[in-house]
file run_25.cif (mmCIF, C-alpha atoms and all ligand atoms)
data_my_file
loop_
_atom_site.label_atom_id
_atom_site.label_comp_id
_atom_site.auth_asym_id
_atom_site.auth_seq_id
_atom_site.Cartn_x
_atom_site.Cartn_y
_atom_site.Cartn_z
CA MET S 1467 -35.59 17.05 -21.06
CA LYS S 1468 -35.44 17.56 -24.81
CA PHE S 1469 -32.76 19.73 -26.37
CA GLY S 1470 -32.93 21.47 -29.72
CA ARG S 1471 -30.12 20.53 -32.12
CA ASN S 1472 -28.76 24.07 -32.00
CA ASP S 1473 -29.18 24.56 -28.25
CA MET S 1474 -26.14 24.47 -26.01
CA CYS S 1475 -25.37 20.91 -24.89
CA TRP S 1476 -26.58 19.94 -21.40
CA CYS S 1477 -23.05 18.85 -20.44
CA GLY S 1478 -21.83 22.44 -20.14
CA SER S 1479 -19.22 22.09 -22.87
CA GLY S 1480 -20.48 25.29 -24.52
CA LYS S 1481 -20.87 23.37 -27.79
CA LYS S 1482 -24.12 22.94 -29.72
CA TYR S 1483 -26.12 19.86 -28.73
CA LYS S 1484 -25.93 18.41 -32.26
CA SER S 1485 -22.14 18.49 -32.29
CA CYS S 1486 -21.80 17.29 -28.68
CA HIS S 1487 -24.05 14.75 -26.91
CA LEU S 1488 -26.93 14.37 -29.41
CA SER S 1489 -25.87 11.06 -30.97
CA PHE S 1490 -24.80 9.90 -27.51
CA ASP S 1491 -28.32 10.56 -26.16
CA GLU S 1492 -29.84 8.77 -29.15
CA ARG S 1493 -27.72 5.71 -28.45
CA LEU S 1494 -28.78 5.75 -24.78
CA ALA S 1495 -32.43 6.12 -25.79
CA VAL S 1496 -32.19 2.97 -27.91
CA LEU S 1497 -30.67 1.05 -24.99
CA ALA S 1498 -33.35 2.38 -22.61
CA SER S 1499 -36.06 1.26 -25.04
CA GLU S 1500 -34.50 -2.21 -24.92
CA GLY S 1501 -34.96 -2.21 -21.15
CA LYS S 1502 -31.37 -1.39 -20.16
CA MET S 1503 -30.62 0.88 -17.20
CA VAL S 1504 -28.97 4.01 -18.54
CA PRO S 1505 -27.09 6.75 -16.68
CA THR S 1506 -28.67 10.13 -16.06
CA HIS S 1507 -26.99 13.31 -17.31
CA GLU S 1508 -25.91 14.03 -13.71
CA MET S 1509 -23.62 10.98 -13.87
CA ILE S 1510 -21.71 12.32 -16.88
CA LYS S 1511 -18.89 14.81 -16.37
CA ASN S 1512 -17.73 17.36 -18.93
CA LYS S 1513 -14.13 18.16 -19.87
CA GLU S 1514 -13.69 20.93 -17.32
CA GLN S 1515 -15.03 18.77 -14.48
CA ILE S 1516 -12.88 15.81 -15.55
CA GLU S 1517 -9.81 18.05 -15.52
CA GLY S 1518 -10.67 19.26 -11.99
CA ILE S 1519 -11.26 15.73 -10.72
CA ARG S 1520 -8.01 14.59 -12.37
CA GLU S 1521 -6.15 17.29 -10.40
CA ALA S 1522 -7.87 16.28 -7.15
CA GLY S 1523 -6.96 12.67 -7.94
CA LYS S 1524 -3.32 13.66 -8.48
CA LEU S 1525 -3.09 15.35 -5.08
CA ASN S 1526 -4.85 12.35 -3.53
CA THR S 1527 -2.19 10.05 -5.04
CA GLU S 1528 0.59 12.35 -3.83
CA ILE S 1529 -0.85 12.07 -0.32
CA LEU S 1530 -0.90 8.27 -0.50
CA ASP S 1531 2.68 8.30 -1.84
CA MET S 1532 3.71 10.64 0.98
CA ILE S 1533 2.17 8.52 3.74
CA SER S 1534 3.45 5.22 2.32
CA GLU S 1535 6.93 5.68 3.80
CA TYR S 1536 5.44 6.20 7.26
CA VAL S 1537 3.00 3.28 7.33
CA LYS S 1538 5.37 1.00 9.24
CA GLU S 1539 5.53 -0.88 12.53
CA GLY S 1540 5.38 1.55 15.47
CA ILE S 1541 3.43 4.44 13.91
CA SER S 1542 0.02 5.17 15.40
CA THR S 1543 -2.97 5.51 13.11
CA GLY S 1544 -3.47 8.90 14.77
CA GLU S 1545 -0.08 10.00 13.43
CA ILE S 1546 -1.04 8.80 9.94
CA ASP S 1547 -4.17 10.95 10.24
CA ARG S 1548 -2.23 13.97 11.47
CA ARG S 1549 0.36 13.76 8.68
CA ILE S 1550 -2.34 13.39 6.02
CA HIS S 1551 -4.31 16.30 7.42
CA GLU S 1552 -1.28 18.60 7.49
CA TYR S 1553 0.00 17.60 4.05
CA THR S 1554 -3.44 17.99 2.46
CA ILE S 1555 -3.96 21.49 3.86
CA ALA S 1556 -0.39 22.50 2.97
CA HIS S 1557 -1.09 21.55 -0.65
CA GLY S 1558 -4.33 23.51 -0.93
CA GLY S 1559 -6.67 20.57 -0.41
CA ILE S 1560 -9.29 19.59 2.13
CA PRO S 1561 -9.49 16.08 3.63
CA ALA S 1562 -13.02 15.03 2.63
CA PRO S 1563 -13.65 12.59 5.52
CA LEU S 1564 -13.18 15.24 8.24
CA GLY S 1565 -16.69 16.20 9.37
CA PHE S 1566 -18.34 14.11 6.67
CA GLU S 1567 -21.61 12.98 8.29
CA GLY S 1568 -19.88 13.54 11.61
CA TYR S 1569 -16.78 11.47 10.83
CA PRO S 1570 -14.11 12.71 13.28
CA LYS S 1571 -10.83 12.28 11.34
CA SER S 1572 -9.18 13.06 7.97
CA VAL S 1573 -8.61 9.50 6.76
CA CYS S 1574 -9.82 5.93 7.38
CA THR S 1575 -7.33 3.37 8.71
CA SER S 1576 -8.70 -0.18 8.73
CA ILE S 1577 -6.63 -2.92 10.37
CA ASP S 1578 -7.03 -6.71 9.90
CA ASP S 1579 -10.71 -7.60 10.57
CA VAL S 1580 -11.73 -3.97 10.11
CA VAL S 1581 -13.26 -3.93 6.64
CA CYS S 1582 -13.42 -0.15 6.23
CA HIS S 1583 -14.10 3.18 8.00
CA GLY S 1584 -11.63 2.48 10.81
CA ILE S 1585 -11.08 5.67 12.83
CA PRO S 1586 -7.46 6.73 13.43
CA ASP S 1587 -6.37 6.76 17.07
CA GLU S 1588 -3.20 8.14 18.73
CA ASN S 1589 -3.15 5.06 20.96
CA ARG S 1590 -3.46 2.50 18.19
CA VAL S 1591 0.08 1.63 17.13
CA LEU S 1592 0.63 -0.59 14.09
CA GLN S 1593 2.16 -3.96 14.98
CA SER S 1594 4.22 -6.41 12.97
CA GLY S 1595 1.94 -8.95 11.29
CA GLU S 1596 -0.97 -6.58 10.71
CA ILE S 1597 -2.44 -5.48 7.39
CA VAL S 1598 -3.90 -2.00 7.13
CA ASN S 1599 -5.93 -0.09 4.57
CA VAL S 1600 -5.38 3.66 4.34
CA ASP S 1601 -8.30 5.33 2.53
CA VAL S 1602 -7.71 8.93 1.45
CA THR S 1603 -10.25 11.27 -0.11
CA THR S 1604 -9.22 14.78 -1.10
CA ILE S 1605 -11.18 17.85 -2.16
CA LEU S 1606 -9.25 20.24 -4.43
CA ASN S 1607 -10.97 23.33 -5.89
CA GLY S 1608 -14.29 21.67 -5.10
CA TYR S 1609 -13.46 18.39 -6.88
CA TYR S 1610 -13.01 14.99 -5.20
CA GLY S 1611 -10.51 12.15 -5.60
CA ASP S 1612 -10.86 8.92 -3.58
CA ALA S 1613 -8.40 6.01 -3.33
CA SER S 1614 -6.98 3.52 -0.88
CA ARG S 1615 -4.08 1.11 -0.56
CA MET S 1616 -3.13 -1.81 1.66
CA TYR S 1617 0.10 -2.05 3.65
CA CYS S 1618 1.69 -5.11 5.23
CA ILE S 1619 3.33 -4.21 8.55
CA GLY S 1620 6.58 -6.00 9.40
CA GLU S 1621 6.41 -9.77 9.10
CA VAL S 1622 3.01 -10.68 7.68
CA SER S 1623 1.84 -14.28 7.22
CA GLU S 1624 1.74 -15.66 3.67
CA GLU S 1625 -2.00 -16.18 4.15
CA LYS S 1626 -2.64 -12.49 4.76
CA ARG S 1627 -0.22 -11.39 2.02
CA HIS S 1628 -2.15 -13.57 -0.40
CA LEU S 1629 -5.41 -11.90 0.63
CA VAL S 1630 -3.89 -8.46 0.06
CA ARG S 1631 -2.55 -9.51 -3.35
CA VAL S 1632 -5.83 -11.04 -4.50
CA ALA S 1633 -7.77 -7.95 -3.35
CA LYS S 1634 -5.53 -5.80 -5.57
CA GLU S 1635 -6.04 -8.23 -8.46
CA CYS S 1636 -9.80 -7.98 -7.92
CA LEU S 1637 -9.58 -4.19 -8.25
CA ASP S 1638 -7.48 -4.42 -11.42
CA LEU S 1639 -9.76 -7.04 -12.99
CA GLY S 1640 -12.76 -4.86 -12.14
CA LEU S 1641 -10.97 -1.95 -13.81
CA ASP S 1642 -10.26 -4.07 -16.93
CA ALA S 1643 -13.99 -4.77 -17.17
CA VAL S 1644 -14.79 -1.06 -17.45
CA LYS S 1645 -15.68 -0.49 -21.12
CA PRO S 1646 -17.62 2.34 -22.73
CA TRP S 1647 -21.09 0.99 -23.60
CA GLY S 1648 -20.42 -1.99 -21.37
CA TYR S 1649 -22.19 -2.67 -18.08
CA LEU S 1650 -21.49 -2.05 -14.44
CA GLY S 1651 -22.48 -5.67 -13.78
CA ASP S 1652 -19.42 -6.73 -15.81
CA VAL S 1653 -17.23 -5.06 -13.19
CA GLY S 1654 -18.84 -6.78 -10.21
CA TYR S 1655 -18.76 -10.10 -12.03
CA ALA S 1656 -15.01 -9.88 -12.71
CA ILE S 1657 -14.29 -8.98 -9.08
CA GLN S 1658 -16.55 -11.60 -7.55
CA THR S 1659 -15.27 -14.37 -9.81
CA HIS S 1660 -11.64 -13.76 -8.93
CA ALA S 1661 -12.36 -13.57 -5.20
CA GLN S 1662 -14.35 -16.79 -5.29
CA GLU S 1663 -11.69 -18.60 -7.32
CA ASN S 1664 -9.33 -17.86 -4.44
CA GLY S 1665 -11.76 -19.04 -1.75
CA TYR S 1666 -12.57 -15.53 -0.57
CA THR S 1667 -15.82 -13.60 -0.28
CA ILE S 1668 -16.88 -10.09 -1.28
CA VAL S 1669 -18.65 -7.67 1.04
CA VAL S 1670 -22.04 -6.89 -0.51
CA GLU S 1671 -23.48 -4.16 1.75
CA ILE S 1672 -20.82 -1.58 0.95
CA GLY S 1673 -19.88 -0.57 -2.59
CA GLY S 1674 -18.08 1.95 -4.73
CA HIS S 1675 -19.78 5.14 -5.81
CA GLY S 1676 -19.92 7.92 -8.33
CA VAL S 1677 -17.50 10.62 -7.23
CA GLY S 1678 -16.07 13.95 -8.36
CA LEU S 1679 -18.45 16.82 -7.66
CA ASP S 1680 -19.40 15.27 -4.33
CA PHE S 1681 -18.03 12.51 -2.07
CA HIS S 1682 -20.67 9.91 -2.83
CA GLU S 1683 -22.73 10.23 -6.01
CA GLU S 1684 -24.72 7.86 -8.15
CA PRO S 1685 -24.27 5.19 -9.31
CA TRP S 1686 -23.69 2.81 -6.44
CA VAL S 1687 -21.03 0.30 -7.54
CA SER S 1688 -21.63 -3.30 -6.53
CA HIS S 1689 -18.57 -5.57 -6.29
CA ILE S 1690 -20.67 -8.58 -7.20
CA GLY S 1691 -22.76 -8.82 -10.35
CA GLN S 1692 -23.67 -10.51 -13.58
CA PRO S 1693 -22.36 -9.63 -17.06
CA GLY S 1694 -24.64 -7.39 -19.11
CA THR S 1695 -26.63 -6.23 -16.10
CA ASP S 1696 -26.86 -3.03 -14.04
CA ILE S 1697 -26.27 0.42 -15.49
CA VAL S 1698 -24.71 1.07 -18.92
CA LEU S 1699 -21.22 2.63 -18.70
CA VAL S 1700 -20.56 5.63 -20.91
CA PRO S 1701 -17.63 8.01 -21.46
CA GLY S 1702 -17.54 10.77 -18.85
CA MET S 1703 -18.78 8.66 -15.95
CA ILE S 1704 -16.50 8.73 -12.91
CA PHE S 1705 -16.84 6.29 -10.04
CA THR S 1706 -14.76 4.38 -7.55
CA ILE S 1707 -14.07 0.66 -7.57
CA GLU S 1708 -13.16 -0.46 -4.04
CA PRO S 1709 -13.80 -4.15 -3.42
CA MET S 1710 -13.61 -5.42 0.15
CA VAL S 1711 -12.34 -9.00 0.03
CA ASN S 1712 -12.81 -11.18 3.11
CA MET S 1713 -10.71 -14.22 3.97
CA GLY S 1714 -13.72 -15.87 5.62
CA LEU S 1715 -17.43 -15.13 5.43
CA ALA S 1716 -18.84 -12.07 3.70
CA ASP S 1717 -20.86 -10.86 6.69
CA VAL S 1718 -19.92 -7.60 8.37
CA TRP S 1719 -21.17 -5.51 11.29
CA GLN S 1720 -20.95 -1.88 12.28
CA ASP S 1721 -19.53 -0.77 15.61
CA GLU S 1722 -22.40 0.98 17.39
CA GLU S 1723 -20.13 2.73 19.86
CA ASP S 1724 -18.18 4.78 17.31
CA GLY S 1725 -20.87 4.61 14.63
CA TRP S 1726 -18.32 3.94 11.85
CA THR S 1727 -16.00 0.95 12.12
CA ILE S 1728 -17.09 -1.98 9.93
CA ARG S 1729 -15.74 -5.40 10.95
CA THR S 1730 -16.03 -8.94 9.67
CA ASP S 1731 -18.49 -11.09 11.65
CA ASP S 1732 -16.05 -13.97 11.90
CA GLY S 1733 -13.08 -11.80 12.91
CA LEU S 1734 -11.02 -12.93 9.92
CA PRO S 1735 -9.08 -10.31 7.96
CA SER S 1736 -10.40 -8.23 5.07
CA ALA S 1737 -8.48 -6.32 2.39
CA GLN S 1738 -9.50 -3.41 0.16
CA TRP S 1739 -7.96 -1.30 -2.58
CA GLU S 1740 -9.64 1.65 -4.28
CA TYR S 1741 -9.27 3.75 -7.44
CA THR S 1742 -11.25 6.63 -8.84
CA VAL S 1743 -11.95 5.65 -12.45
CA LEU S 1744 -13.04 7.62 -15.54
CA VAL S 1745 -14.86 5.83 -18.36
CA THR S 1746 -13.23 6.95 -21.63
CA GLU S 1747 -13.98 6.40 -25.34
CA GLN S 1748 -11.24 3.75 -25.37
CA GLY S 1749 -11.79 2.07 -22.01
CA SER S 1750 -10.90 3.67 -18.72
CA GLU S 1751 -8.44 5.94 -16.98
CA ILE S 1752 -7.40 5.70 -13.34
CA LEU S 1753 -7.65 9.24 -11.95
CA THR S 1754 -5.82 8.32 -8.74
CA ARG S 1755 -2.43 7.04 -9.84
N1 LIG V 1801 -13.31 6.90 1.52
C1 LIG V 1801 -14.44 6.05 1.80
C2 LIG V 1801 -14.94 5.54 0.46
O1 LIG V 1801 -14.16 5.01 -0.24
C3 LIG V 1801 -15.53 6.73 2.54
C4 LIG V 1801 -15.17 7.09 3.90
S1 LIG V 1801 -16.45 7.93 4.61
C5 LIG V 1801 -15.74 8.49 6.03
O2 LIG V 1801 -16.05 5.73 0.05
F1 LIG V 1801 -16.53 9.34 6.50
F2 LIG V 1801 -15.56 7.46 6.81
F3 LIG V 1801 -14.60 9.03 5.72
CO CO V 1802 -12.23 5.77 -0.20
CO CO V 1803 -14.84 5.45 -2.16
#
call {"tool": "encode", "arguments": {"input": "run_25.cif", "output": "structure tokens"}}
result
Amino acid sequence: MKFGRNDMCWCGSGKKYKSCHLSFDERLAVLASEGKMVPTHEMIKNKEQIEGIREAGKLNTEILDMISEYVKEGISTGEIDRRIHEYTIAHGGIPAPLGFEGYPKSVCTSIDDVVCHGIPDENRVLQSGEIVNVDVTTILNGYYGDASRMYCIGEVSEEKRHLVRVAKECLDLGLDAVKPWGYLGDVGYAIQTHAQENGYTIVVEIGGHGVGLDFHEEPWVSHIGQPGTDIVLVPGMIFTIEPMVNMGLADVWQDEEDGWTIRTDDGLPSAQWEYTVLVTEQGSEILTR
């Protein structure tokens, strides 16, 4: 689609194209002509959308902060789900997982060898020594925020604590690699390198995702990669980074009975942390902190 210089910009800012995204599009066109993968306009959010997603991200963070004091030995994952559901509704939000492609609960709770998409259960009580990921996604005024944290329950082995720590470092190093006019492959490379240096592996089948106007948007975010490859990152893109770091082998399988739970093949633990991230003119902004 070609826009006249004096037409309204495609981003919905209400400004003229020439004083909004014209030079931006020209820069992308040069990169595309050099064979780079460039984002589509659908992947770029305007100011109003960013503000809405920032607000959804804030509520999402509040929910994680709220639940953090309860994620202790003796609580059931069903109770975590119930508290998150009630708090979200009470604050004007909607838990995005509930009913998403048939998902039955309001949050994902993934314990030990469960990599992600663990389904909360009233009968599954957290035990000392376990590590658990709580993954919260909130819709507020139609906008989405998505983030997760790990919790160590009671007395956790140094081995598992180390996995949890390195997984968080992987997320933060991936975040540091987010640069306007950089590449998505830089992010995967940073994450993969740090995991490997620690003797861990990265799950390849499941990635992060564009987010904000919908739960899962383009681009798909690989947590492995090579510098200077994959899609060009530009200001206004919003996506999650959510590396799943395995203590053993990278292979995972999906529980066919519940249709959701993803586990490691070798039964060894996996850890994951997630942010929703905005690419800015200067670098990046975490929208879920
Ligand atoms: N919150 C997860 C993510 O980070 C997706 C969960 S999908 C669900 O992308 F249906 F299981 F909730
Ligand atoms: Co999530
Ligand atoms: Co996500």
call {"tool": "residues_near_ligand", "arguments": {"input": "run_25.cif", "ligand": "ligand CO 1803 (chain V)", "cutoff": "8 Å", "atoms": "all atoms listed in the file", "output": "NGL selection string"}}
result
:S and (1603 or 1612-1613 or 1673-1675 or 1677 or 1681-1682 or 1706-1708 or 1740-1742)
call {"tool": "residues_around", "arguments": {"input": "run_25.cif", "residues": "stretch 1498-1505 of chain S", "least_positions_apart": "3", "cutoff": "8 Å", "atoms": "only C-alpha atoms", "output": "ChimeraX atom specification"}}
result
/S:1494-1495,1508-1510,1695-1700
call {"tool": "write_last_selection", "arguments": {"input": "run_25.cif", "atoms": "C-alpha atoms", "output": "CSV table (one decimal), keeping the file's coordinate frame"}}
result
chain,number,residue,atom,x,y,z
S,1494,LEU,CA,-28.8,5.8,-24.8
S,1495,ALA,CA,-32.4,6.1,-25.8
S,1508,GLU,CA,-25.9,14.0,-13.7
S,1509,MET,CA,-23.6,11.0,-13.9
S,1510,ILE,CA,-21.7,12.3,-16.9
S,1695,THR,CA,-26.6,-6.2,-16.1
S,1696,ASP,CA,-26.9,-3.0,-14.0
S,1697,ILE,CA,-26.3,0.4,-15.5
S,1698,VAL,CA,-24.7,1.1,-18.9
S,1699,LEU,CA,-21.2,2.6,-18.7
S,1700,VAL,CA,-20.6,5.6,-20.9
call {"tool": "closest_residue", "arguments": {"input": "run_25.cif", "among": "S:Thr1730, S:Gln1748, S:Thr1754, S:Asn1664", "to": "S:Asp1579", "atoms": "only C-alpha atoms"}}
result
S:Thr1730
call {"tool": "atom_distance", "arguments": {"input": "run_25.cif", "atom1": "atom CA of S:Trp1739", "atom2": "atom CA of S:Leu1753"}}
result
14.1 Å
call {"tool": "residues_around", "arguments": {"input": "run_25.cif", "residues": "S:His1507", "least_positions_apart": "3", "cutoff": "10 Å", "atoms": "only C-alpha atoms", "output": "list of chain:residue names"}}
result
S:Trp1476, S:Cys1477, S:Asp1491, S:Val1504, S:Ile1510, S:Lys1511, S:Gly1702, S:Met1703
call {"tool": "closest_residue", "arguments": {"input": "run_25.cif", "among": "S:Asp1652, S:Glu1517, S:Glu1621, S:Asp1601", "to": "ligand CO 1802 (chain V)", "atoms": "only C-alpha atoms and all ligand atoms"}}
result
S:Asp1601
call {"tool": "closest_residue", "arguments": {"input": "run_25.cif", "among": "S:Thr1604, S:Gln1692, S:Gln1658, S:Ser1736", "to": "ligand CO 1802 (chain V)", "atoms": "all atoms listed in the file"}}
result
S:Thr1604
call {"tool": "atom_distance", "arguments": {"input": "run_25.cif", "atom1": "atom F1 of ligand LIG 1801 (chain V)", "atom2": "atom CA of S:Tyr1569"}}
result
4.8 Å
call {"tool": "closest_residue", "arguments": {"input": "run_25.cif", "among": "S:Thr1667, S:Gln1738, S:Gln1593, S:Ser1479", "to": "ligand CO 1802 (chain V)", "atoms": "all atoms listed in the file"}}
result
S:Gln1738
call {"tool": "closest_residue", "arguments": {"input": "run_25.cif", "among": "S:Trp1647, S:Tyr1610, S:Phe1490, S:Tyr1483", "to": "ligand CO 1802 (chain V)", "atoms": "all atoms listed in the file"}}
result
S:Tyr1610
call {"tool": "residues_near_point", "arguments": {"input": "run_25.cif", "point": "(10.5, -5.0, 7.6)", "cutoff": "9 Å", "atoms": "only C-alpha atoms", "output": "PyMOL selection string"}}
result
chain S and resi 1538-1539+1594+1619-1621
call {"tool": "atom_distance", "arguments": {"input": "run_25.cif", "atom1": "atom CA of S:Glu1492", "atom2": "atom CA of S:Ala1643"}}
result
24.0 Å
call {"tool": "closest_residue", "arguments": {"input": "run_25.cif", "among": "S:Asp1587, S:Asp1578, S:Glu1567, S:Asp1473", "to": "S:Asn1599", "atoms": "all atoms listed in the file"}}
result
S:Asp1578
call {"tool": "residues_around", "arguments": {"input": "run_25.cif", "residues": "S:Cys1475", "least_positions_apart": "5", "cutoff": "12 Å", "atoms": "all atoms listed in the file", "output": "list of chain:residue names"}}
result
S:Met1467, S:Lys1468, S:Phe1469, S:Gly1470, S:Gly1480, S:Lys1481, S:Lys1482, S:Tyr1483, S:Lys1484, S:Ser1485, S:Cys1486, S:His1487, S:Leu1488, S:Ser1489, S:Phe1490, S:Asp1491, S:His1507, S:Asn1512
call {"tool": "axis_aligned_box", "arguments": {"input": "run_25.cif", "around": "stretch 1554-1557 of chain S", "padding_each_side": "5 Å", "output": "AutoDock Vina command-line options"}}
result
--center_x -2.2 --center_y 20.2 --center_z 1.6 --size_x 13.6 --size_y 14.5 --size_z 14.5
call {"tool": "residues_around", "arguments": {"input": "run_25.cif", "residues": "stretch 1540-1545 of chain S", "least_positions_apart": "2", "cutoff": "10 Å", "atoms": "only C-alpha atoms", "output": "ChimeraX atom specification"}}
result
/S:1536-1538,1547-1551,1571-1577,1584-1594,1598,1600,1619-1620
call {"tool": "decode", "arguments": {"input": "run_25.cif", "residues": "stretch 1604-1641 of chain S", "atoms": "C-alpha atoms", "output": "PDB file, in the first residue's frame"}}
result
ATOM      1  CA  THR S1604      -4.742 -10.060  31.228  1.00  0.00           C
ATOM      2  CA  ILE S1605      -7.127  -8.272  28.887  1.00  0.00           C
ATOM      3  CA  LEU S1606      -7.948  -4.684  29.916  1.00  0.00           C
ATOM      4  CA  ASN S1607     -10.141  -2.487  27.687  1.00  0.00           C
ATOM      5  CA  GLY S1608      -9.403  -4.888  24.842  1.00  0.00           C
ATOM      6  CA  TYR S1609      -5.607  -4.754  25.264  1.00  0.00           C
ATOM      7  CA  TYR S1610      -3.376  -7.649  26.375  1.00  0.00           C
ATOM      8  CA  GLY S1611      -0.437  -7.960  28.778  1.00  0.00           C
ATOM      9  CA  ASP S1612       1.393 -11.289  29.221  1.00  0.00           C
ATOM     10  CA  ALA S1613       4.079 -12.181  31.784  1.00  0.00           C
ATOM     11  CA  SER S1614       5.247 -15.003  33.996  1.00  0.00           C
ATOM     12  CA  ARG S1615       7.501 -15.591  36.984  1.00  0.00           C
ATOM     13  CA  MET S1616       9.109 -18.560  38.706  1.00  0.00           C
ATOM     14  CA  TYR S1617       8.705 -19.401  42.390  1.00  0.00           C
ATOM     15  CA  CYS S1618      10.804 -21.719  44.539  1.00  0.00           C
ATOM     16  CA  ILE S1619       8.617 -23.565  47.048  1.00  0.00           C
ATOM     17  CA  GLY S1620      10.120 -24.197  50.494  1.00  0.00           C
ATOM     18  CA  GLU S1621      13.544 -25.806  50.434  1.00  0.00           C
ATOM     19  CA  VAL S1622      14.662 -26.051  46.810  1.00  0.00           C
ATOM     20  CA  SER S1623      17.914 -27.727  45.747  1.00  0.00           C
ATOM     21  CA  GLU S1624      20.787 -25.478  44.655  1.00  0.00           C
ATOM     22  CA  GLU S1625      20.633 -27.202  41.257  1.00  0.00           C
ATOM     23  CA  LYS S1626      17.047 -26.113  40.649  1.00  0.00           C
ATOM     24  CA  ARG S1627      17.627 -22.626  42.078  1.00  0.00           C
ATOM     25  CA  HIS S1628      20.474 -22.217  39.620  1.00  0.00           C
ATOM     26  CA  LEU S1629      18.194 -23.207  36.734  1.00  0.00           C
ATOM     27  CA  VAL S1630      15.604 -20.648  37.836  1.00  0.00           C
ATOM     28  CA  ARG S1631      18.281 -17.936  38.144  1.00  0.00           C
ATOM     29  CA  VAL S1632      19.821 -18.659  34.747  1.00  0.00           C
ATOM     30  CA  ALA S1633      16.375 -18.692  33.089  1.00  0.00           C
ATOM     31  CA  LYS S1634      15.770 -15.175  34.448  1.00  0.00           C
ATOM     32  CA  GLU S1635      19.207 -14.091  33.215  1.00  0.00           C
ATOM     33  CA  CYS S1636      18.352 -15.503  29.784  1.00  0.00           C
ATOM     34  CA  LEU S1637      15.215 -13.345  29.700  1.00  0.00           C
ATOM     35  CA  ASP S1638      17.124 -10.220  30.765  1.00  0.00           C
ATOM     36  CA  LEU S1639      19.924 -10.836  28.256  1.00  0.00           C
ATOM     37  CA  GLY S1640      17.310 -11.350  25.539  1.00  0.00           C
ATOM     38  CA  LEU S1641      15.736  -8.059  26.588  1.00  0.00           C
TER      39      LEU S1641
END
